[in-house]
Structures are given as C-alpha cells and as structure tokens.
Amino acid sequence: NIIETITLHNGVEIPQLGFGVFKVENGSQTVESVKKALAVGYRSIDTAAIYKNEEGVGQAIKESGIPREELFITSKVWNTDQGYESTLQAYEASLERLGLDYLDLYLIHWPGQDKYIETWKALETLYKEGRVRAIGVSNFHIHHLENLLANTDIKPVVNQIELHPRLSQLEIREFCKKHEIKVEAWGPLGQGHLLDEPTINHLAKKHNKSAAQVLIRWHLQHGTIAIPKSITPSRIESNAQVFDFELSLDEMNKIDALNLNERYGSNPDEVK
Ligand code: NAD
C-alpha cells in the first residue's frame, strides 16, 4: 500500500492520505488504532491537544518501531492556548505528551476571535528555529487567510477544513490554490453522514469498492489531503486501499453535484 505524497510550498512532503484520531480514546483505543494504521501503510497521523490522546499516539509511534523520519505527525494549538507565549508553551506540552522532539506540522486549530495573528507569530518562531517542519492553519475562512497573509511573514502550508461532497468549499479551495496553500479535508466522510448516500453507493457498487473508499478517492483526485478516522481495524485498512482504482471525470462530476454547502461541524466564525 503505497500512499502518494504532496509537496507543500516549503518543499516538505506530506502523505496525501493520513489517519485522524478525533474522538479516539486515549490509552489502548488510540494505541491500537494508530498501530493498526501504521501497520497497513499510513505514515501521517492527525491529532490535536484537545483530542487528549497525544500520549496514546506517541506510545503507538514508539511501539511501531518505524523510524521517526518516515512519519508525518500533526498536532494543533487549542483555542484557549492562543497568544504568543502560551502557544510556545502549548507546543512544548504537545511534544512532551507525544514523546517527540519535533512535529512535522503544527496548526492553529480554529481562528477564534482576535489572537490568531499573535499565535501565528509563535508558529513562525518555532518554524524559524527549526523546531517544526511546517506550519499551517485549520478552519480559516478566506477573510482570516487574507488578514493572516497581510500581517505576517510566512504563509501557511495547509488549511485544514471541513470538506466532503456536501460541503465542497469551492471558494476556499480556489483561494488556497492561488496562494499555494494545500487544502486538507477533515470529516472527509462527512463524519459518517455520507456513507449511505445513494450516488456514492451506486459508484461504490460499480467499482466493487466501499462508500468510504469512493469518498476518499474523490478527495485524492481533487488534489486534497484527506485524514479519515476509524477505530475498526478492517476499515482502517480498507480506507487506505484507494490507490488501485480511479473515478472517471463524469463520476467525479456526479459527486461534485452533491454539494449542499452543508456543515456537520461548527462554522469557524462562531467558534470563540
Ligand atoms: P470522518 O469523516 O473521518 O468520519 C469518521 C467516521 O466515519 C468514523 O467515526 C466511523 O464511524 C466512520 N467510518 C470511517 N471509515 C468507515 C468505513 N470504511 N465504513 C463505515 N464507516 C466508516 O470524520 P472525522 O473523524 O471527524 O474527521 C477525520 C479527522 O479529521 C479527525 O479524526 C481529526 O483528525 C480531523 N478533524 C479535524 C477537525 C478540525 O477542526 N481541524 C475537526 C474534526 C476532525
């Protein structure tokens, strides 16, 4: 199972398919899920301080025996830690819980109200000091990105946003493309809501694949980075078996047409 990579604007490569661990319980559930993911070929793990499972992710990494440089580990600074000094501290605390001495990608989890410029300056410091390989944002609307680009030195390598066929985020994708910011999809399966969608299931049957595999394939063919989550070993494995089939242009268009601008998560403007 060879997962393809995407080159970020600073030259760092990120696997196009990663493994997300939102709502995975710290302890054995996280350790076992992440170890399974690593065993079946995932090399990118997406966690966050607020998921409270960084210790479990770290333990799985250690137990896997995979060399650190072959992995791509992402975490995120939580809203209440925003601000310059507190972000620097939050980064150290995440590293400590993960048992790592650097992250591959550190993100601002949500823009919040008025501190994300200061928070970003802390990420820039970490990056300039070589403490983190790449820095990015999450849940940024275009207006947040415009403000960030106008008031800081380094542009984010990614914007991790809710993205799936019911929320296709065309304007943000277009804006990010123009600014060489890669889009990373959270909730790539619509947090489960899209798994019984008829068009998706029709295409799944046609390709002899699962609905989840069709959804993941749609992301990959759009050039998006996707980080689906599962705690079921067989699904962790099958979600990564998506490099042996292709959706036609017509099939991609049919999935694109499912857009309803419908969110399952929060609107970033409403998260304090
Ligand atoms: P998702 O779209 O990955 O859906 C996950 C759910 O789909 C699972 O709980 C499981 O029930 C189901 N599922 C997965 N594979 C399946 C399969 N093959 N068959 C049937 N059901 C299957 O939703 P998510 O976990 O919310 O998003 C993925 C990751 O994105 C998270 O784990 C997290 O790392 C990240 N995330 C980030 C943010 C953010 O604010 N930056 C927010 C939410 C999630």
# chains A, B, ... in the order shown; residues from 1 in each chain; ligands from 1

call {"tool": "residues_near_ligand", "arguments": {"ligand": "ligand 1", "cutoff": "7 Å", "atoms": "only C-alpha atoms and all ligand atoms", "output": "PyMOL selection string"}}
result
chain A and resi 19-23+46-47+109-110+138-139+160-162+185-192+195+210+212-213+227-230+235-236+238-239

call {"tool": "write_last_selection", "arguments": {"atoms": "N, CA and C atoms", "output": "short mmCIF file (atom, residue, chain, number, x, y, z; two decimals), in the first residue's frame"}}
result
data_model
loop_
_atom_site.label_atom_id
_atom_site.label_comp_id
_atom_site.auth_asym_id
_atom_site.auth_seq_id
_atom_site.Cartn_x
_atom_site.Cartn_y
_atom_site.Cartn_z
N PHE A 19 -4.22 9.52 8.83
CA PHE A 19 -5.14 8.87 9.75
C PHE A 19 -5.51 9.87 10.85
N GLY A 20 -6.81 10.15 11.00
CA GLY A 20 -7.28 11.11 12.00
C GLY A 20 -7.71 10.40 13.28
N VAL A 21 -7.51 11.05 14.42
CA VAL A 21 -7.83 10.39 15.69
C VAL A 21 -8.76 11.21 16.60
N PHE A 22 -9.57 12.09 15.99
CA PHE A 22 -10.57 12.83 16.77
C PHE A 22 -11.54 11.83 17.40
N LYS A 23 -11.82 11.99 18.68
CA LYS A 23 -12.75 11.12 19.42
C LYS A 23 -12.25 9.70 19.63
N ASP A 46 -2.98 12.56 12.34
CA ASP A 46 -3.51 13.88 12.68
C ASP A 46 -4.14 13.85 14.07
N THR A 47 -3.46 14.51 15.04
CA THR A 47 -4.02 14.62 16.38
C THR A 47 -4.12 16.10 16.74
N HIS A 109 -5.77 25.52 15.54
CA HIS A 109 -6.94 24.64 15.39
C HIS A 109 -8.17 25.37 14.85
N TRP A 110 -8.48 26.55 15.43
CA TRP A 110 -9.58 27.40 14.96
C TRP A 110 -9.10 28.84 15.01
N SER A 138 -6.13 25.86 10.50
CA SER A 138 -7.30 25.00 10.35
C SER A 138 -8.55 25.85 10.55
N ASN A 139 -9.56 25.54 9.78
CA ASN A 139 -10.85 26.21 9.90
C ASN A 139 -10.78 27.71 9.60
N GLN A 160 -6.61 23.23 7.03
CA GLN A 160 -7.38 22.00 7.26
C GLN A 160 -8.83 22.40 7.58
N ILE A 161 -9.74 22.05 6.69
CA ILE A 161 -11.14 22.50 6.81
C ILE A 161 -12.11 21.34 6.64
N GLU A 162 -13.33 21.54 7.14
CA GLU A 162 -14.36 20.55 6.89
C GLU A 162 -14.64 20.54 5.38
N ALA A 185 -8.67 17.95 4.10
CA ALA A 185 -10.08 17.76 4.44
C ALA A 185 -10.24 17.06 5.77
N TRP A 186 -10.92 17.74 6.71
CA TRP A 186 -11.35 17.00 7.90
C TRP A 186 -12.81 16.60 7.69
N GLY A 187 -13.23 15.53 8.41
CA GLY A 187 -14.56 14.98 8.15
C GLY A 187 -14.70 14.57 6.70
N PRO A 188 -13.67 13.91 6.14
CA PRO A 188 -13.70 13.59 4.70
C PRO A 188 -14.85 12.66 4.32
N LEU A 189 -15.37 11.93 5.31
CA LEU A 189 -16.51 11.03 5.05
C LEU A 189 -17.81 11.70 5.51
N GLY A 190 -17.75 13.02 5.71
CA GLY A 190 -18.90 13.73 6.27
C GLY A 190 -19.20 13.23 7.67
N GLN A 191 -18.15 12.86 8.41
CA GLN A 191 -18.25 12.30 9.76
C GLN A 191 -19.24 11.13 9.78
N GLY A 192 -19.28 10.39 8.70
CA GLY A 192 -20.14 9.21 8.61
C GLY A 192 -21.46 9.47 7.90
N LEU A 195 -22.04 8.06 4.21
CA LEU A 195 -21.76 6.66 3.88
C LEU A 195 -22.96 5.92 3.30
N SER A 210 -15.93 0.23 -1.31
CA SER A 210 -16.88 0.69 -0.29
C SER A 210 -17.21 2.17 -0.53
N ALA A 212 -16.89 4.49 1.62
CA ALA A 212 -15.78 5.27 2.19
C ALA A 212 -14.63 5.37 1.18
N GLN A 213 -14.33 4.27 0.50
CA GLN A 213 -13.23 4.30 -0.47
C GLN A 213 -13.54 5.25 -1.63
N ILE A 227 -7.86 12.86 5.80
CA ILE A 227 -7.43 12.20 7.05
C ILE A 227 -8.60 11.47 7.71
N PRO A 228 -9.18 10.46 7.03
CA PRO A 228 -10.33 9.75 7.60
C PRO A 228 -9.97 9.05 8.91
N LYS A 229 -10.98 8.93 9.76
CA LYS A 229 -10.81 8.29 11.06
C LYS A 229 -11.64 7.01 11.13
N SER A 230 -11.11 5.99 11.78
CA SER A 230 -11.89 4.80 12.13
C SER A 230 -11.19 4.12 13.29
N ARG A 235 -11.67 -1.43 8.68
CA ARG A 235 -11.95 -0.16 7.97
C ARG A 235 -10.71 0.71 7.90
N ILE A 236 -9.90 0.68 8.95
CA ILE A 236 -8.63 1.43 8.90
C ILE A 236 -7.85 0.95 7.68
N SER A 238 -9.08 -0.87 4.92
CA SER A 238 -9.72 -0.67 3.61
C SER A 238 -9.73 0.80 3.20
N ASN A 239 -9.80 1.71 4.18
CA ASN A 239 -9.78 3.15 3.84
C ASN A 239 -8.49 3.56 3.15
#

call {"tool": "select_by_dssp", "arguments": {"residues": "stretch 42-272 of chain A", "states": "helix (DSSP H, G or I)", "output": "MDAnalysis selection string"}}
result
chainID A and resid 49:51 54:64 68:70 79:81 84:98 116:128 142:151 170:178 190:192 198:207 211:221 233:238 249:256 268:270

call {"tool": "closest_residue", "arguments": {"among": "A:Gly223, A:Pro165, A:Gly130, A:Gly56", "to": "A:Lys35", "atoms": "only C-alpha atoms"}}
result
A:Gly56

call {"tool": "residues_around", "arguments": {"residues": "A:Phe243", "least_positions_apart": "3", "cutoff": "8 Å", "atoms": "only C-alpha atoms", "output": "count of residues only"}}
result
6

call {"tool": "residues_around", "arguments": {"residues": "A:Ile200", "least_positions_apart": "3", "cutoff": "7 Å", "atoms": "only C-alpha atoms", "output": "ChimeraX atom specification"}}
result
/A:197,203-204,211,214

call {"tool": "write_last_selection", "arguments": {"atoms": "C-alpha atoms", "output": "PDB file, in the first residue's frame"}}
result
ATOM      1  CA  GLU A 197     -25.662   8.481   0.222  1.00  0.00           C
ATOM      2  CA  LEU A 203     -20.474   4.246  -7.627  1.00  0.00           C
ATOM      3  CA  ALA A 204     -19.098   2.017  -4.874  1.00  0.00           C
ATOM      4  CA  ALA A 211     -18.652   4.051   0.001  1.00  0.00           C
ATOM      5  CA  VAL A 214     -15.189   6.205  -3.148  1.00  0.00           C
TER       6      VAL A 214
END

call {"tool": "residues_around", "arguments": {"residues": "A:Thr5", "least_positions_apart": "5", "cutoff": "10 Å", "atoms": "only C-alpha atoms", "output": "list in words"}}
result
Val12, Glu13, Ile14, Pro15, Gln16, Leu17 and Ile225 of chain A

call {"tool": "select_by_dssp", "arguments": {"residues": "stretch 67-121 of chain A", "states": "strand (DSSP E or B)", "output": "VMD selection string"}}
result
chain A and resid 72 to 77 103 105 to 108

call {"tool": "closest_residue", "arguments": {"among": "A:Asn259, A:Asn79, A:Asn147, A:Asn159", "to": "A:Val271", "atoms": "only C-alpha atoms"}}
result
A:Asn79

call {"tool": "closest_residue", "arguments": {"among": "A:Thr119, A:Asn261, A:Asn10, A:Asn151", "to": "A:Arg133", "atoms": "only C-alpha atoms"}}
result
A:Asn10

call {"tool": "closest_residue", "arguments": {"among": "A:Leu215, A:Ala39, A:Ala90, A:Leu71", "to": "A:Arg166", "atoms": "only C-alpha atoms"}}
result
A:Leu215

call {"tool": "residues_around", "arguments": {"residues": "A:Gln59", "least_positions_apart": "2", "cutoff": "8 Å", "atoms": "only C-alpha atoms", "output": "ChimeraX atom specification"}}
result
/A:31,55-57,61-63,98-99

call {"tool": "atom_distance", "arguments": {"atom1": "atom CA of A:Thr152", "atom2": "atom CA of A:Gly136"}}
result
12.6 Å

call {"tool": "atom_distance", "arguments": {"atom1": "atom CA of A:Ser75", "atom2": "atom CA of A:Ala48"}}
result
4.4 Å
